[in-house]
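Student: Okay, handing you the structure first.
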Amino acid sequence: MNTTSISRLSEYFQIAVGVILASIGLKAYLLPNGFLDGGVTGIAILINSTLHLNISLVLVVLSIPFLILAYFYISKAMVFKSILAILGLAASIHLETFDTVTNDKLLTSIFGGLFLGLGIGITIKNGAVLDGSEILGIYINNTFGISIGKVILLFNFVLFSITAIIVSKETAMYSILTFLITAKVTDLIIEGFEDFIGIMIVSKKYEAIKKAITEQLGAGMTVFKGVNGYGKNGMTKDFEVIHTVINRFEITKINRIIDAIDPDAFIMEYDVNRIKGGILRRYLNPKKK
């Protein structure tokens, strides 16, 4: 079995884990206590609570328009994975019976949102979605430049407003809390291991540092030509400033590399809020099928 096949099997396995975690959040916490999730899943739960229709069937039917949208405008590969993920979630909700863990509303919001966020985050990280509102957010972001978070927030604002009118204000408020926890955990799963730091290095031994960073970290870099520099050793002329962006977890490693070559090197670290191009990241990109 080649590396590509193993990678694909790993992705589908992780999507299955995500589906199971999301279904635990729904069946063991949210559904028994009458709470809603956001997005299409929340609409399915609301329809189930008011019209008593099968929630799994409603979830699949409501997801179809969003999957069609994704097929034509986002990524066919993502659609295939998402179909499997949504069908898996619907089947899990319909077949699996989890004991209700707690009837405490605050604990239900917290842990229901936690499990749901873990499931959604793992699923998205492997190229699929469990909710059509995420597809809508990606489409609008690609088309109009409006952030995915704002689209989903508006979508859920309408949903929870309807919940407050039809069901109760208390249910709507607890559901909002669940949604906020779910969103935060989802972000941590997707971006937590892709938190980047910018590093600027000034050293007389810049050639050795460049070589070590390339060979030991495999990181790309930009080199700026310095004309004059002033520090504790006086004025320095004609030097190079190394600029690179690395994963936060590689900070200790790059510091060890630099210290081994030049303990007196000047190093500046700063948070990087957004990166576009230049670094391979696993985003849902319509150009990367």
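Just so we're on the same page: first chain in the structure tokens is A, next is B, and so on; residues restart at 1 for each chain, and ligands are numbered from 1 in the order they show up.
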Report as a tab-separated table: every residue of region 104-215 of chain A with an atom at most 7 Å from region 245-269 of chain A, its closest pair of atoms, and their distance in Å to one decimal, counting only C-alpha atoms, with rows sorted by chain and ascending residue number.
Tutor:
```
residue	atom	partner	partner_atom	distance
A:Glu194	CA	A:Asn247	CA	6.2
A:Asp195	CA	A:Arg248	CA	5.7
A:Phe196	CA	A:Asn247	CA	4.6
A:Ile197	CA	A:Ile246	CA	5.5
A:Gly198	CA	A:Val245	CA	4.4
A:Ile199	CA	A:Glu269	CA	4.8
A:Met200	CA	A:Met268	CA	5.1
A:Ile201	CA	A:Ile267	CA	4.7
A:Val202	CA	A:Phe266	CA	5.0
A:Ser203	CA	A:Ala265	CA	4.8
A:Lys205	CA	A:Asp262	CA	6.7
A:Ile209	CA	A:Ile258	CA	6.3
A:Ala212	CA	A:Ile257	CA	7.0
```
Student: Could you turn the residues from that selection into a file that holds C-alpha atoms, as an mmCIF file, in the first residue's frame?
Tutor:
```cif
data_model
loop_
_atom_site.group_PDB
_atom_site.id
_atom_site.type_symbol
_atom_site.label_atom_id
_atom_site.label_comp_id
_atom_site.auth_asym_id
_atom_site.auth_seq_id
_atom_site.Cartn_x
_atom_site.Cartn_y
_atom_site.Cartn_z
ATOM 1 C CA GLU A 194 -1.261 25.574 12.628
ATOM 2 C CA ASP A 195 -0.471 28.559 14.799
ATOM 3 C CA PHE A 196 2.405 30.363 13.119
ATOM 4 C CA ILE A 197 5.168 32.581 14.428
ATOM 5 C CA GLY A 198 7.311 34.975 12.423
ATOM 6 C CA ILE A 199 11.036 34.927 13.204
ATOM 7 C CA MET A 200 13.563 37.622 12.270
ATOM 8 C CA ILE A 201 17.224 36.730 12.839
ATOM 9 C CA VAL A 202 20.249 39.021 12.699
ATOM 10 C CA SER A 203 23.620 37.277 13.016
ATOM 11 C CA LYS A 205 26.904 33.767 10.992
ATOM 12 C CA ILE A 209 21.988 29.666 10.175
ATOM 13 C CA ALA A 212 20.720 24.817 9.285
#
```
Student: Using DSSP on the backbone coordinates, identify all residues within region 90-275 of chain A classified as strand (DSSP E); present the result as a VMD selection string.
Tutor: chain A and resid 196 to 202 222 to 231 234 to 247 266 to 271
Student: How would the residues just picked look written out with N, CA and C atoms as a compact mmCIF listing (two decimals), in the first residue's frame?
Tutor:
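This is the output file result07.txt:
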```txt
# COMPACT_ATOMS: atom_id res chain seq x y z
N PHE A 196 1.10 30.03 13.65
CA PHE A 196 2.41 30.36 13.12
C PHE A 196 3.04 31.56 13.80
N ILE A 197 4.36 31.53 13.83
CA ILE A 197 5.17 32.58 14.43
C ILE A 197 6.16 33.09 13.39
N GLY A 198 6.30 34.39 13.29
CA GLY A 198 7.31 34.98 12.42
C GLY A 198 8.61 35.15 13.20
N ILE A 199 9.72 34.83 12.57
CA ILE A 199 11.04 34.93 13.20
C ILE A 199 11.94 35.80 12.34
N MET A 200 12.58 36.80 12.96
CA MET A 200 13.56 37.62 12.27
C MET A 200 14.90 37.45 12.99
N ILE A 201 15.93 37.08 12.25
CA ILE A 201 17.22 36.73 12.84
C ILE A 201 18.32 37.61 12.24
N VAL A 202 19.09 38.24 13.13
CA VAL A 202 20.25 39.02 12.70
C VAL A 202 21.48 38.40 13.34
N THR A 222 12.94 34.31 3.73
CA THR A 222 13.26 35.48 2.92
C THR A 222 14.47 36.15 3.54
N VAL A 223 15.42 36.54 2.72
CA VAL A 223 16.64 37.16 3.24
C VAL A 223 16.69 38.62 2.79
N PHE A 224 16.79 39.52 3.76
CA PHE A 224 16.88 40.94 3.48
C PHE A 224 18.34 41.39 3.59
N LYS A 225 18.73 42.26 2.72
CA LYS A 225 20.09 42.79 2.75
C LYS A 225 20.15 43.98 3.69
N GLY A 226 20.99 43.88 4.74
CA GLY A 226 21.15 44.98 5.67
C GLY A 226 22.34 45.83 5.28
N VAL A 227 22.18 47.14 5.36
CA VAL A 227 23.26 48.06 5.01
C VAL A 227 24.05 48.46 6.25
N ASN A 228 23.33 48.99 7.23
CA ASN A 228 23.96 49.38 8.49
C ASN A 228 23.14 48.87 9.66
N GLY A 229 23.82 48.37 10.69
CA GLY A 229 23.15 47.93 11.90
C GLY A 229 23.91 48.44 13.11
N TYR A 230 23.16 48.72 14.17
CA TYR A 230 23.79 49.27 15.36
C TYR A 230 23.38 48.42 16.56
N GLY A 231 24.36 47.97 17.36
CA GLY A 231 24.09 47.15 18.53
C GLY A 231 25.18 47.29 19.56
N GLY A 234 28.72 47.82 18.38
CA GLY A 234 28.94 48.96 17.49
C GLY A 234 28.23 48.80 16.16
N MET A 235 28.74 49.43 15.12
CA MET A 235 28.09 49.43 13.82
C MET A 235 28.52 48.21 13.00
N THR A 236 27.54 47.61 12.36
CA THR A 236 27.79 46.48 11.47
C THR A 236 27.36 46.86 10.07
N LYS A 237 28.17 46.50 9.10
CA LYS A 237 27.85 46.83 7.71
C LYS A 237 27.71 45.56 6.87
N ASP A 238 26.87 45.69 5.85
CA ASP A 238 26.70 44.61 4.85
C ASP A 238 26.44 43.25 5.49
N PHE A 239 25.25 43.08 6.03
CA PHE A 239 24.86 41.83 6.65
C PHE A 239 23.50 41.40 6.09
N GLU A 240 23.09 40.20 6.44
CA GLU A 240 21.80 39.69 5.98
C GLU A 240 20.86 39.47 7.16
N VAL A 241 19.59 39.80 6.94
CA VAL A 241 18.56 39.56 7.95
C VAL A 241 17.69 38.40 7.45
N ILE A 242 17.59 37.36 8.24
CA ILE A 242 16.82 36.17 7.87
C ILE A 242 15.41 36.30 8.42
N HIS A 243 14.43 36.09 7.56
CA HIS A 243 13.03 36.14 7.99
C HIS A 243 12.35 34.84 7.59
N THR A 244 11.73 34.16 8.55
CA THR A 244 11.04 32.91 8.26
C THR A 244 9.78 32.81 9.11
N VAL A 245 8.88 31.94 8.70
CA VAL A 245 7.63 31.70 9.44
C VAL A 245 7.56 30.22 9.75
N ILE A 246 7.36 29.89 11.02
CA ILE A 246 7.36 28.49 11.45
C ILE A 246 6.15 28.21 12.33
N ASN A 247 5.87 26.92 12.53
CA ASN A 247 4.83 26.51 13.45
C ASN A 247 5.26 26.84 14.88
N PHE A 266 20.67 38.09 17.29
CA PHE A 266 19.48 38.87 17.66
C PHE A 266 18.26 38.20 17.02
N ILE A 267 17.27 37.83 17.85
CA ILE A 267 16.09 37.11 17.36
C ILE A 267 14.83 37.87 17.77
N MET A 268 13.96 38.10 16.83
CA MET A 268 12.68 38.75 17.13
C MET A 268 11.55 37.81 16.71
N GLU A 269 10.63 37.55 17.63
CA GLU A 269 9.49 36.68 17.36
C GLU A 269 8.20 37.51 17.42
N TYR A 270 7.23 37.16 16.55
CA TYR A 270 5.95 37.86 16.58
C TYR A 270 4.87 36.94 16.03
N ASP A 271 3.65 37.18 16.47
CA ASP A 271 2.51 36.36 16.02
C ASP A 271 2.15 36.70 14.59
```
Student: Go through A:Ile165, A:Leu51, A:Ala70, A:Ala208 and flag the residue nearest Ser82 (chain A), using only C-alpha atoms for the distances.
Tutor: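 Distance minimum relative to Ser82 (chain A) lands on A:Ala70.
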Student: Write out as a ChimeraX atom specification all residues of region 133-265 of chain A that DSSP puts in helix (DSSP H, G or I) for this structure's backbone.
Tutor: /A:133-144,148-166,169-191,206-217,248-261
Student: Enumerate, in order of chain and increasing residue number, the residues of region 43-65 of chain A with an atom no farther than 7 Å from region 89-97 of chain A, each with its shortest atom pair and distance in Å to one decimal, counting only C-alpha atoms, as a tab-separated table.
Tutor:
```
residue	atom	partner	partner_atom	distance
A:Ser56	CA	A:Ala90	CA	4.5
A:Leu59	CA	A:Ala90	CA	6.8
A:Val60	CA	A:Ala90	CA	6.9
```
Student: Using only C-alpha atoms for the distances, tell me which of A:Gly127, A:Gly88, A:Gly121, A:Gly220 is nearest to Ser23 (chain A).
Tutor: A:Gly88
Student: One number please: CA of Leu153 (chain A) to CA of Lys169 (chain A), in Å, one decimal.
Tutor: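 Going from CA of Leu153 (chain A) over to CA of Lys169 (chain A), I get 18.1 Å.
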Student: As an exercise, work out the distance from CA of Ile140 (chain A) to CA of Ala85 (chain A) in Å and give it to one decimal place.
Tutor: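 Going from CA of Ile140 (chain A) over to CA of Ala85 (chain A) covers 22.0 Å.
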